[in-house]
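Student: Contents are CSV, N, CA and C atoms and all ligand atoms; file name start.csv:
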chain,number,residue,atom,x,y,z
A,108,THR,N,0.8,-1.2,0.0
A,108,THR,CA,0.0,0.0,0.0
A,108,THR,C,0.9,1.3,0.0
A,109,TYR,N,0.3,2.4,-0.4
A,109,TYR,CA,1.0,3.6,-0.4
A,109,TYR,C,0.6,4.4,0.9
A,110,VAL,N,1.5,5.3,1.3
A,110,VAL,CA,1.3,6.0,2.6
A,110,VAL,C,1.6,7.5,2.5
A,111,ILE,N,0.8,8.3,3.1
A,111,ILE,CA,1.0,9.7,3.1
A,111,ILE,C,1.7,10.1,4.4
A,112,THR,N,2.8,10.8,4.2
A,112,THR,CA,3.7,11.1,5.4
A,112,THR,C,3.8,12.6,5.7
A,113,PHE,N,4.7,12.9,6.6
A,113,PHE,CA,4.8,14.2,7.2
A,113,PHE,C,4.7,15.4,6.3
A,114,PRO,N,5.3,15.4,5.1
A,114,PRO,CA,5.3,16.7,4.3
A,114,PRO,C,3.9,17.1,3.9
A,115,CYS,N,2.9,16.2,4.0
A,115,CYS,CA,1.5,16.6,3.7
A,115,CYS,C,0.9,17.5,4.7
A,116,ILE,N,1.4,17.4,5.9
A,116,ILE,CA,0.8,18.1,7.0
A,116,ILE,C,0.9,19.6,6.8
A,117,GLY,N,-0.3,20.3,6.8
A,117,GLY,CA,-0.4,21.7,6.6
A,117,GLY,C,-0.3,22.1,5.1
A,118,VAL,N,-0.1,21.1,4.2
A,118,VAL,CA,0.0,21.4,2.8
A,118,VAL,C,-1.3,21.0,2.1
A,119,LYS,N,-1.6,19.7,2.2
A,119,LYS,CA,-2.8,19.1,1.7
A,119,LYS,C,-3.1,19.6,0.2
A,120,ASP,N,-2.1,19.4,-0.6
A,120,ASP,CA,-2.2,19.9,-2.0
A,120,ASP,C,-3.4,19.2,-2.7
A,121,ALA,N,-3.7,18.0,-2.3
A,121,ALA,CA,-4.8,17.2,-2.9
A,121,ALA,C,-4.7,16.8,-4.3
A,122,SER,N,-3.5,17.0,-5.0
A,122,SER,CA,-3.3,16.5,-6.3
A,122,SER,C,-3.4,15.0,-6.3
A,123,CYS,N,-3.1,14.3,-5.2
A,123,CYS,CA,-3.1,12.9,-5.1
A,123,CYS,C,-4.6,12.4,-5.2
A,124,VAL,N,-5.5,13.1,-4.7
A,124,VAL,CA,-6.9,12.7,-4.7
A,124,VAL,C,-7.4,12.7,-6.1
A,125,ASP,N,-7.0,13.7,-6.9
A,125,ASP,CA,-7.4,13.8,-8.3
A,125,ASP,C,-6.9,12.6,-9.2
A,126,VAL,N,-5.8,12.1,-8.9
A,126,VAL,CA,-5.2,11.0,-9.7
A,126,VAL,C,-5.5,9.6,-9.2
A,127,CYS,N,-6.0,9.5,-8.0
A,127,CYS,CA,-6.3,8.1,-7.5
A,127,CYS,C,-7.5,7.5,-8.2
A,128,PRO,N,-7.3,6.3,-8.8
A,128,PRO,CA,-8.4,5.7,-9.6
A,128,PRO,C,-9.4,5.0,-8.7
A,129,VAL,N,-9.1,4.8,-7.5
A,129,VAL,CA,-10.1,4.1,-6.6
A,129,VAL,C,-10.6,5.0,-5.5
A,130,ASP,N,-10.3,6.3,-5.6
A,130,ASP,CA,-10.8,7.3,-4.6
A,130,ASP,C,-10.6,6.8,-3.1
A,131,CYS,N,-9.3,6.4,-2.8
A,131,CYS,CA,-9.1,5.9,-1.5
A,131,CYS,C,-8.3,6.9,-0.6
A,132,ILE,N,-8.1,8.1,-1.1
A,132,ILE,CA,-7.4,9.1,-0.3
A,132,ILE,C,-8.4,10.2,0.2
A,133,HIS,N,-8.4,10.4,1.5
A,133,HIS,CA,-9.4,11.2,2.1
A,133,HIS,C,-8.8,12.2,3.1
A,134,PRO,N,-9.4,13.4,3.3
A,134,PRO,CA,-8.9,14.3,4.3
A,134,PRO,C,-9.5,13.9,5.7
A,135,ALA,N,-8.8,14.4,6.7
A,135,ALA,CA,-9.2,14.1,8.1
A,135,ALA,C,-8.8,15.3,9.0
A,136,PRO,N,-9.5,15.4,10.1
A,136,PRO,CA,-9.1,16.3,11.1
A,136,PRO,C,-7.7,16.0,11.7
A,137,ALA,N,-7.1,16.9,12.3
A,137,ALA,CA,-5.8,16.7,12.9
A,137,ALA,C,-5.9,15.5,14.0
A,138,GLU,N,-4.9,14.7,14.0
A,138,GLU,CA,-4.8,13.6,14.9
A,138,GLU,C,-4.1,14.1,16.2
A,139,PRO,N,-4.3,13.4,17.3
A,139,PRO,CA,-3.5,13.8,18.5
A,139,PRO,C,-2.0,13.7,18.2
A,140,GLY,N,-1.3,14.7,18.7
A,140,GLY,CA,0.1,14.8,18.4
A,140,GLY,C,0.4,15.7,17.2
A,141,PHE,N,-0.6,15.9,16.4
A,141,PHE,CA,-0.4,16.8,15.2
A,141,PHE,C,-1.5,17.9,15.3
A,142,ALA,N,-1.6,18.5,16.5
A,142,ALA,CA,-2.7,19.3,16.8
A,142,ALA,C,-2.9,20.5,15.9
A,143,GLU,N,-1.8,21.1,15.4
A,143,GLU,CA,-1.9,22.3,14.6
A,143,GLU,C,-1.9,22.0,13.1
A,144,ALA,N,-1.9,20.7,12.7
A,144,ALA,CA,-1.7,20.3,11.4
A,144,ALA,C,-2.8,19.3,10.9
A,145,GLU,N,-2.9,19.3,9.6
A,145,GLU,CA,-3.8,18.3,9.0
A,145,GLU,C,-3.1,17.7,7.8
A,146,GLN,N,-3.5,16.5,7.5
A,146,GLN,CA,-3.0,15.8,6.3
A,146,GLN,C,-4.1,15.0,5.7
A,147,LEU,N,-3.8,14.4,4.6
A,147,LEU,CA,-4.7,13.4,4.0
A,147,LEU,C,-4.2,12.0,4.3
A,148,TYR,N,-5.1,11.0,4.2
A,148,TYR,CA,-4.7,9.6,4.5
A,148,TYR,C,-5.1,8.7,3.4
A,149,ILE,N,-4.3,7.7,3.1
A,149,ILE,CA,-4.7,6.6,2.1
A,149,ILE,C,-5.2,5.4,2.9
A,150,ASN,N,-6.4,4.9,2.4
A,150,ASN,CA,-7.0,3.7,3.0
A,150,ASN,C,-6.2,2.5,2.5
A,151,PRO,N,-5.5,1.8,3.4
A,151,PRO,CA,-4.7,0.7,3.0
A,151,PRO,C,-5.5,-0.5,2.5
A,152,ASP,N,-6.8,-0.6,2.9
A,152,ASP,CA,-7.6,-1.7,2.4
A,152,ASP,C,-8.1,-1.4,1.0
A,153,GLU,N,-8.0,-0.2,0.5
A,153,GLU,CA,-8.6,0.1,-0.8
A,153,GLU,C,-7.5,0.4,-1.8
A,154,CYS,N,-6.3,0.8,-1.4
A,154,CYS,CA,-5.3,1.2,-2.3
A,154,CYS,C,-4.9,0.0,-3.1
A,155,ILE,N,-4.8,0.2,-4.5
A,155,ILE,CA,-4.4,-0.9,-5.4
A,155,ILE,C,-3.0,-0.8,-5.8
A,156,ASP,N,-2.2,0.0,-5.1
A,156,ASP,CA,-0.7,0.1,-5.4
A,156,ASP,C,-0.4,0.5,-6.8
A,157,CYS,N,-1.2,1.4,-7.4
A,157,CYS,CA,-1.0,1.8,-8.8
A,157,CYS,C,0.2,2.7,-8.9
A,158,GLY,N,0.4,3.5,-7.8
A,158,GLY,CA,1.6,4.4,-7.8
A,158,GLY,C,1.3,5.8,-8.4
A,159,ALA,N,0.1,6.0,-8.9
A,159,ALA,CA,-0.2,7.3,-9.6
A,159,ALA,C,-0.1,8.5,-8.6
A,160,CYS,N,-0.3,8.3,-7.4
A,160,CYS,CA,-0.3,9.4,-6.5
A,160,CYS,C,1.1,9.9,-6.1
A,161,GLU,N,2.0,9.0,-6.1
A,161,GLU,CA,3.4,9.3,-5.6
A,161,GLU,C,4.0,10.5,-6.4
A,162,PRO,N,4.1,10.5,-7.7
A,162,PRO,CA,4.7,11.6,-8.5
A,162,PRO,C,3.8,12.8,-8.5
A,163,ALA,N,2.5,12.7,-8.2
A,163,ALA,CA,1.5,13.8,-8.2
A,163,ALA,C,1.7,14.8,-7.1
A,164,CYS,N,2.3,14.3,-6.0
A,164,CYS,CA,2.5,15.1,-4.8
A,164,CYS,C,3.6,16.1,-4.9
A,165,PRO,N,3.4,17.4,-4.8
A,165,PRO,CA,4.4,18.4,-5.0
A,165,PRO,C,5.4,18.5,-3.9
A,166,VAL,N,5.1,17.9,-2.8
A,166,VAL,CA,6.0,17.9,-1.6
A,166,VAL,C,6.6,16.6,-1.3
A,167,THR,N,6.4,15.6,-2.2
A,167,THR,CA,7.0,14.3,-2.0
A,167,THR,C,6.6,13.7,-0.6
A,168,ALA,N,5.3,13.7,-0.3
A,168,ALA,CA,4.8,13.1,0.9
A,168,ALA,C,4.4,11.7,0.8
A,169,ILE,N,4.3,11.2,-0.4
A,169,ILE,CA,3.7,9.8,-0.6
A,169,ILE,C,4.8,8.8,-1.0
A,170,PHE,N,4.8,7.7,-0.3
A,170,PHE,CA,5.8,6.6,-0.5
A,170,PHE,C,5.1,5.3,-0.5
A,171,GLU,N,5.6,4.3,-1.3
A,171,GLU,CA,5.2,3.0,-1.1
A,171,GLU,C,5.6,2.5,0.3
A,172,GLU,N,4.8,1.7,0.9
A,172,GLU,CA,5.0,1.3,2.3
A,172,GLU,C,6.5,0.9,2.7
A,173,SER,N,7.0,0.1,1.8
A,173,SER,CA,8.4,-0.4,2.1
A,173,SER,C,9.5,0.7,1.9
A,174,ALA,N,9.1,1.8,1.2
A,174,ALA,CA,10.0,2.9,0.9
A,174,ALA,C,9.9,4.1,1.8
A,175,VAL,N,9.0,4.0,2.8
A,175,VAL,CA,8.8,5.2,3.7
A,175,VAL,C,10.1,5.4,4.4
A,176,PRO,N,10.6,6.7,4.4
A,176,PRO,CA,11.9,6.9,5.2
A,176,PRO,C,11.7,6.6,6.7
A,177,ASN,N,12.8,6.1,7.3
A,177,ASN,CA,12.8,5.7,8.6
A,177,ASN,C,12.1,6.6,9.6
A,178,GLU,N,12.4,7.9,9.5
A,178,GLU,CA,11.8,8.9,10.4
A,178,GLU,C,10.3,9.1,10.3
A,179,TRP,N,9.8,8.5,9.2
A,179,TRP,CA,8.3,8.7,9.0
A,179,TRP,C,7.6,7.3,9.0
A,180,LYS,N,8.2,6.3,9.5
A,180,LYS,CA,7.6,5.0,9.5
A,180,LYS,C,6.3,4.9,10.2
A,181,GLN,N,6.2,5.8,11.3
A,181,GLN,CA,4.9,5.8,12.1
A,181,GLN,C,3.7,6.2,11.2
A,182,PHE,N,3.9,6.8,10.1
A,182,PHE,CA,2.8,7.2,9.3
A,182,PHE,C,2.1,6.0,8.6
A,183,ILE,N,2.8,4.9,8.5
A,183,ILE,CA,2.1,3.7,8.0
A,183,ILE,C,0.9,3.3,8.9
A,184,GLN,N,1.2,3.4,10.2
A,184,GLN,CA,0.2,3.1,11.2
A,184,GLN,C,-0.8,4.2,11.3
A,185,ILE,N,-0.4,5.4,11.2
A,185,ILE,CA,-1.3,6.6,11.3
A,185,ILE,C,-2.3,6.6,10.2
A,186,ASN,N,-1.9,6.3,9.0
A,186,ASN,CA,-2.8,6.1,7.9
A,186,ASN,C,-3.9,5.0,8.1
A,187,ALA,N,-3.4,3.9,8.5
A,187,ALA,CA,-4.2,2.7,8.8
A,187,ALA,C,-5.2,3.0,9.9
A,188,ASP,N,-4.7,3.6,11.0
A,188,ASP,CA,-5.5,3.8,12.2
A,188,ASP,C,-6.7,4.8,11.9
A,189,PHE,N,-6.5,5.7,11.0
A,189,PHE,CA,-7.5,6.6,10.6
A,189,PHE,C,-8.8,5.9,10.1
A,190,TYR,N,-8.6,4.9,9.3
A,190,TYR,CA,-9.7,4.2,8.7
A,190,TYR,C,-10.3,3.2,9.7
A,191,ARG,N,-9.5,2.7,10.6
A,191,ARG,CA,-10.1,1.7,11.6
A,191,ARG,C,-10.9,2.5,12.6
A,192,SER,N,-10.6,3.7,12.9
A,192,SER,CA,-11.3,4.4,13.9
A,192,SER,C,-12.5,5.2,13.4
A,193,SER,N,-12.7,5.3,12.1
A,193,SER,CA,-13.7,6.1,11.5
A,193,SER,C,-14.9,5.3,11.0
B,201,LIG,FE1,-4.7,5.6,-5.0
B,201,LIG,FE2,-2.9,4.3,-6.5
B,201,LIG,FE3,-2.0,6.1,-4.7
B,201,LIG,FE4,-3.1,3.7,-4.0
B,201,LIG,S1,-1.2,4.0,-5.1
B,201,LIG,S2,-3.5,5.7,-3.1
B,201,LIG,S3,-4.6,3.4,-5.5
B,201,LIG,S4,-3.3,6.6,-6.5
B,202,LIG,FE1,-0.8,15.8,0.7
B,202,LIG,FE2,0.7,15.6,-1.4
B,202,LIG,FE3,-1.7,14.7,-1.5
B,202,LIG,S1,0.5,17.4,0.0
B,202,LIG,S2,-2.9,15.9,-0.1
B,202,LIG,S3,-0.1,13.9,-0.2
B,202,LIG,S4,-0.7,15.7,-3.1
Output the structure of this file as structure tokens.

Tutor:
Amino acid sequence: TYVITFPCIGVKDASCVDVCPVDCIHPAPAEPGFAEAEQLYINPDECIDCGACEPACPVTAIFEESAVPNEWKQFIQINADFYRSS
């Protein structure tokens, strides 16, 4: 699955939403720990790994799960948790 990470917070360009063929990228309120920021999240159960969103993001916030930089690995769980709790 693909994951949206830290650079999206406060940017939310949403170009990724426009290119996603299965409409699995959605906005959400700020999570605890990111009180002053917002980002969008990819639903890991719906993402088909097409890769279209990755180059569409102007701030390089999107990575394939295995390629997420170490300092942002927690976003794999943050994206998944959003859909489990909503
Ligand atoms: Fe959507 Fe494809 Fe990105 Fe998955 S990889 S979120 S299906 S655009
Ligand atoms: Fe965020 Fe980049 Fe999409 S800034 S909303 S991940 S295009």

Student: Which distance in Å separates atom C of Tyr148 of chain A and atom CA of Pro176 of chain A, to one decimal?

Tutor: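 Answer for the atom C of Tyr148 of chain A to atom CA of Pro176 of chain A separation: 17.2 Å.
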
Student: Expressed in Å to a single decimal, how great is the separation between atom N of Glu172 of chain A and atom N of Val110 of chain A?

Tutor: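 Calculated distance between atom N of Glu172 of chain A and atom N of Val110 of chain A is 4.9 Å.
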
Student: Could you pull out the residues sitting within 6.5 Å of ligand LIG 202 (chain B), using all atoms listed in the file, and write them as a ChimeraX atom specification?

Tutor: /A:111-112,114-116,118-124,146-147,163-169

Student: Which residues are near ligand LIG 201 (chain B) in this structure, taking near to mean any atom at most 5 Å from a ligand atom and counting all atoms listed in the file? Format them as a VMD selection string.

Tutor: chain A and resid 126 to 128 154 to 160

Student: Rounded to one decimal, what separation in Å do you get between atom CA of Asp125 of chain A and atom CA of Asn177 of chain A?

Tutor: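 The value is 27.6 Å.
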
Student: Could you please write out, as number ranges by chain, every residue of segment 158-193 of chain A that DSSP assigns to alpha helix (DSSP H)?

Tutor: A: 160-163, 181-192

Student: Atoms to include: N, CA and C atoms. Write the selected residues as a CSV table (one decimal), keeping the file's coordinate frame.

Tutor:
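Done, and the output landed in result.csv:
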chain,number,residue,atom,x,y,z
A,160,CYS,N,-0.3,8.3,-7.4
A,160,CYS,CA,-0.3,9.4,-6.5
A,160,CYS,C,1.1,9.9,-6.1
A,161,GLU,N,2.0,9.0,-6.1
A,161,GLU,CA,3.4,9.3,-5.6
A,161,GLU,C,4.0,10.5,-6.4
A,162,PRO,N,4.1,10.5,-7.7
A,162,PRO,CA,4.7,11.6,-8.5
A,162,PRO,C,3.8,12.8,-8.5
A,163,ALA,N,2.5,12.7,-8.2
A,163,ALA,CA,1.5,13.8,-8.2
A,163,ALA,C,1.7,14.8,-7.1
A,181,GLN,N,6.2,5.8,11.3
A,181,GLN,CA,4.9,5.8,12.1
A,181,GLN,C,3.7,6.2,11.2
A,182,PHE,N,3.9,6.8,10.1
A,182,PHE,CA,2.8,7.2,9.3
A,182,PHE,C,2.1,6.0,8.6
A,183,ILE,N,2.8,4.9,8.5
A,183,ILE,CA,2.1,3.7,8.0
A,183,ILE,C,0.9,3.3,8.9
A,184,GLN,N,1.2,3.4,10.2
A,184,GLN,CA,0.2,3.1,11.2
A,184,GLN,C,-0.8,4.2,11.3
A,185,ILE,N,-0.4,5.4,11.2
A,185,ILE,CA,-1.3,6.6,11.3
A,185,ILE,C,-2.3,6.6,10.2
A,186,ASN,N,-1.9,6.3,9.0
A,186,ASN,CA,-2.8,6.1,7.9
A,186,ASN,C,-3.9,5.0,8.1
A,187,ALA,N,-3.4,3.9,8.5
A,187,ALA,CA,-4.2,2.7,8.8
A,187,ALA,C,-5.2,3.0,9.9
A,188,ASP,N,-4.7,3.6,11.0
A,188,ASP,CA,-5.5,3.8,12.2
A,188,ASP,C,-6.7,4.8,11.9
A,189,PHE,N,-6.5,5.7,11.0
A,189,PHE,CA,-7.5,6.6,10.6
A,189,PHE,C,-8.8,5.9,10.1
A,190,TYR,N,-8.6,4.9,9.3
A,190,TYR,CA,-9.7,4.2,8.7
A,190,TYR,C,-10.3,3.2,9.7
A,191,ARG,N,-9.5,2.7,10.6
A,191,ARG,CA,-10.1,1.7,11.6
A,191,ARG,C,-10.9,2.5,12.6
A,192,SER,N,-10.6,3.7,12.9
A,192,SER,CA,-11.3,4.4,13.9
A,192,SER,C,-12.5,5.2,13.4

Student: DSSP on the backbone, then: every residue of chain A marked strand (DSSP E), written as number ranges by chain.

Tutor: A: 109-111, 132-134, 147-149, 169-171

Student: Please save N, CA and C atoms of the selected residues as a JSON list (two decimals), in the frame of the given file.

Tutor:
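Wrote it out as result_31.json, contents follow:
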[["chain", "number", "residue", "atom", "x", "y", "z"],
["A", 109, "TYR", "N", 0.30, 2.40, -0.40],
["A", 109, "TYR", "CA", 1.00, 3.60, -0.40],
["A", 109, "TYR", "C", 0.60, 4.40, 0.90],
["A", 110, "VAL", "N", 1.50, 5.30, 1.30],
["A", 110, "VAL", "CA", 1.30, 6.00, 2.60],
["A", 110, "VAL", "C", 1.60, 7.50, 2.50],
["A", 111, "ILE", "N", 0.80, 8.30, 3.10],
["A", 111, "ILE", "CA", 1.00, 9.70, 3.10],
["A", 111, "ILE", "C", 1.70, 10.10, 4.40],
["A", 132, "ILE", "N", -8.10, 8.10, -1.10],
["A", 132, "ILE", "CA", -7.40, 9.10, -0.30],
["A", 132, "ILE", "C", -8.40, 10.20, 0.20],
["A", 133, "HIS", "N", -8.40, 10.40, 1.50],
["A", 133, "HIS", "CA", -9.40, 11.20, 2.10],
["A", 133, "HIS", "C", -8.80, 12.20, 3.10],
["A", 134, "PRO", "N", -9.40, 13.40, 3.30],
["A", 134, "PRO", "CA", -8.90, 14.30, 4.30],
["A", 134, "PRO", "C", -9.50, 13.90, 5.70],
["A", 147, "LEU", "N", -3.80, 14.40, 4.60],
["A", 147, "LEU", "CA", -4.70, 13.40, 4.00],
["A", 147, "LEU", "C", -4.20, 12.00, 4.30],
["A", 148, "TYR", "N", -5.10, 11.00, 4.20],
["A", 148, "TYR", "CA", -4.70, 9.60, 4.50],
["A", 148, "TYR", "C", -5.10, 8.70, 3.40],
["A", 149, "ILE", "N", -4.30, 7.70, 3.10],
["A", 149, "ILE", "CA", -4.70, 6.60, 2.10],
["A", 149, "ILE", "C", -5.20, 5.40, 2.90],
["A", 169, "ILE", "N", 4.30, 11.20, -0.40],
["A", 169, "ILE", "CA", 3.70, 9.80, -0.60],
["A", 169, "ILE", "C", 4.80, 8.80, -1.00],
["A", 170, "PHE", "N", 4.80, 7.70, -0.30],
["A", 170, "PHE", "CA", 5.80, 6.60, -0.50],
["A", 170, "PHE", "C", 5.10, 5.30, -0.50],
["A", 171, "GLU", "N", 5.60, 4.30, -1.30],
["A", 171, "GLU", "CA", 5.20, 3.00, -1.10],
["A", 171, "GLU", "C", 5.60, 2.50, 0.30]]

Student: Env of Ile185 of chain A: 8 Å cut, atoms = all atoms listed in the file, seq-sep filter 3 positions within chain, self excluded. Answer as a PDB file with N, CA and C atoms, in the coordinates of the input.

Tutor:
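The result, written out as part-v5.pdb:
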ATOM      1  N   ILE A 111       0.800   8.300   3.100  1.00  0.00           N
ATOM      2  CA  ILE A 111       1.000   9.700   3.100  1.00  0.00           C
ATOM      3  C   ILE A 111       1.700  10.100   4.400  1.00  0.00           C
ATOM      4  N   TYR A 148      -5.100  11.000   4.200  1.00  0.00           N
ATOM      5  CA  TYR A 148      -4.700   9.600   4.500  1.00  0.00           C
ATOM      6  C   TYR A 148      -5.100   8.700   3.400  1.00  0.00           C
ATOM      7  N   ILE A 149      -4.300   7.700   3.100  1.00  0.00           N
ATOM      8  CA  ILE A 149      -4.700   6.600   2.100  1.00  0.00           C
ATOM      9  C   ILE A 149      -5.200   5.400   2.900  1.00  0.00           C
ATOM     10  N   LYS A 180       8.200   6.300   9.500  1.00  0.00           N
ATOM     11  CA  LYS A 180       7.600   5.000   9.500  1.00  0.00           C
ATOM     12  C   LYS A 180       6.300   4.900  10.200  1.00  0.00           C
ATOM     13  N   GLN A 181       6.200   5.800  11.300  1.00  0.00           N
ATOM     14  CA  GLN A 181       4.900   5.800  12.100  1.00  0.00           C
ATOM     15  C   GLN A 181       3.700   6.200  11.200  1.00  0.00           C
ATOM     16  N   PHE A 182       3.900   6.800  10.100  1.00  0.00           N
ATOM     17  CA  PHE A 182       2.800   7.200   9.300  1.00  0.00           C
ATOM     18  C   PHE A 182       2.100   6.000   8.600  1.00  0.00           C
ATOM     19  N   ASP A 188      -4.700   3.600  11.000  1.00  0.00           N
ATOM     20  CA  ASP A 188      -5.500   3.800  12.200  1.00  0.00           C
ATOM     21  C   ASP A 188      -6.700   4.800  11.900  1.00  0.00           C
ATOM     22  N   PHE A 189      -6.500   5.700  11.000  1.00  0.00           N
ATOM     23  CA  PHE A 189      -7.500   6.600  10.600  1.00  0.00           C
ATOM     24  C   PHE A 189      -8.800   5.900  10.100  1.00  0.00           C
ATOM     25  N   TYR A 190      -8.600   4.900   9.300  1.00  0.00           N
ATOM     26  CA  TYR A 190      -9.700   4.200   8.700  1.00  0.00           C
ATOM     27  C   TYR A 190     -10.300   3.200   9.700  1.00  0.00           C
TER      28      TYR A 190
END
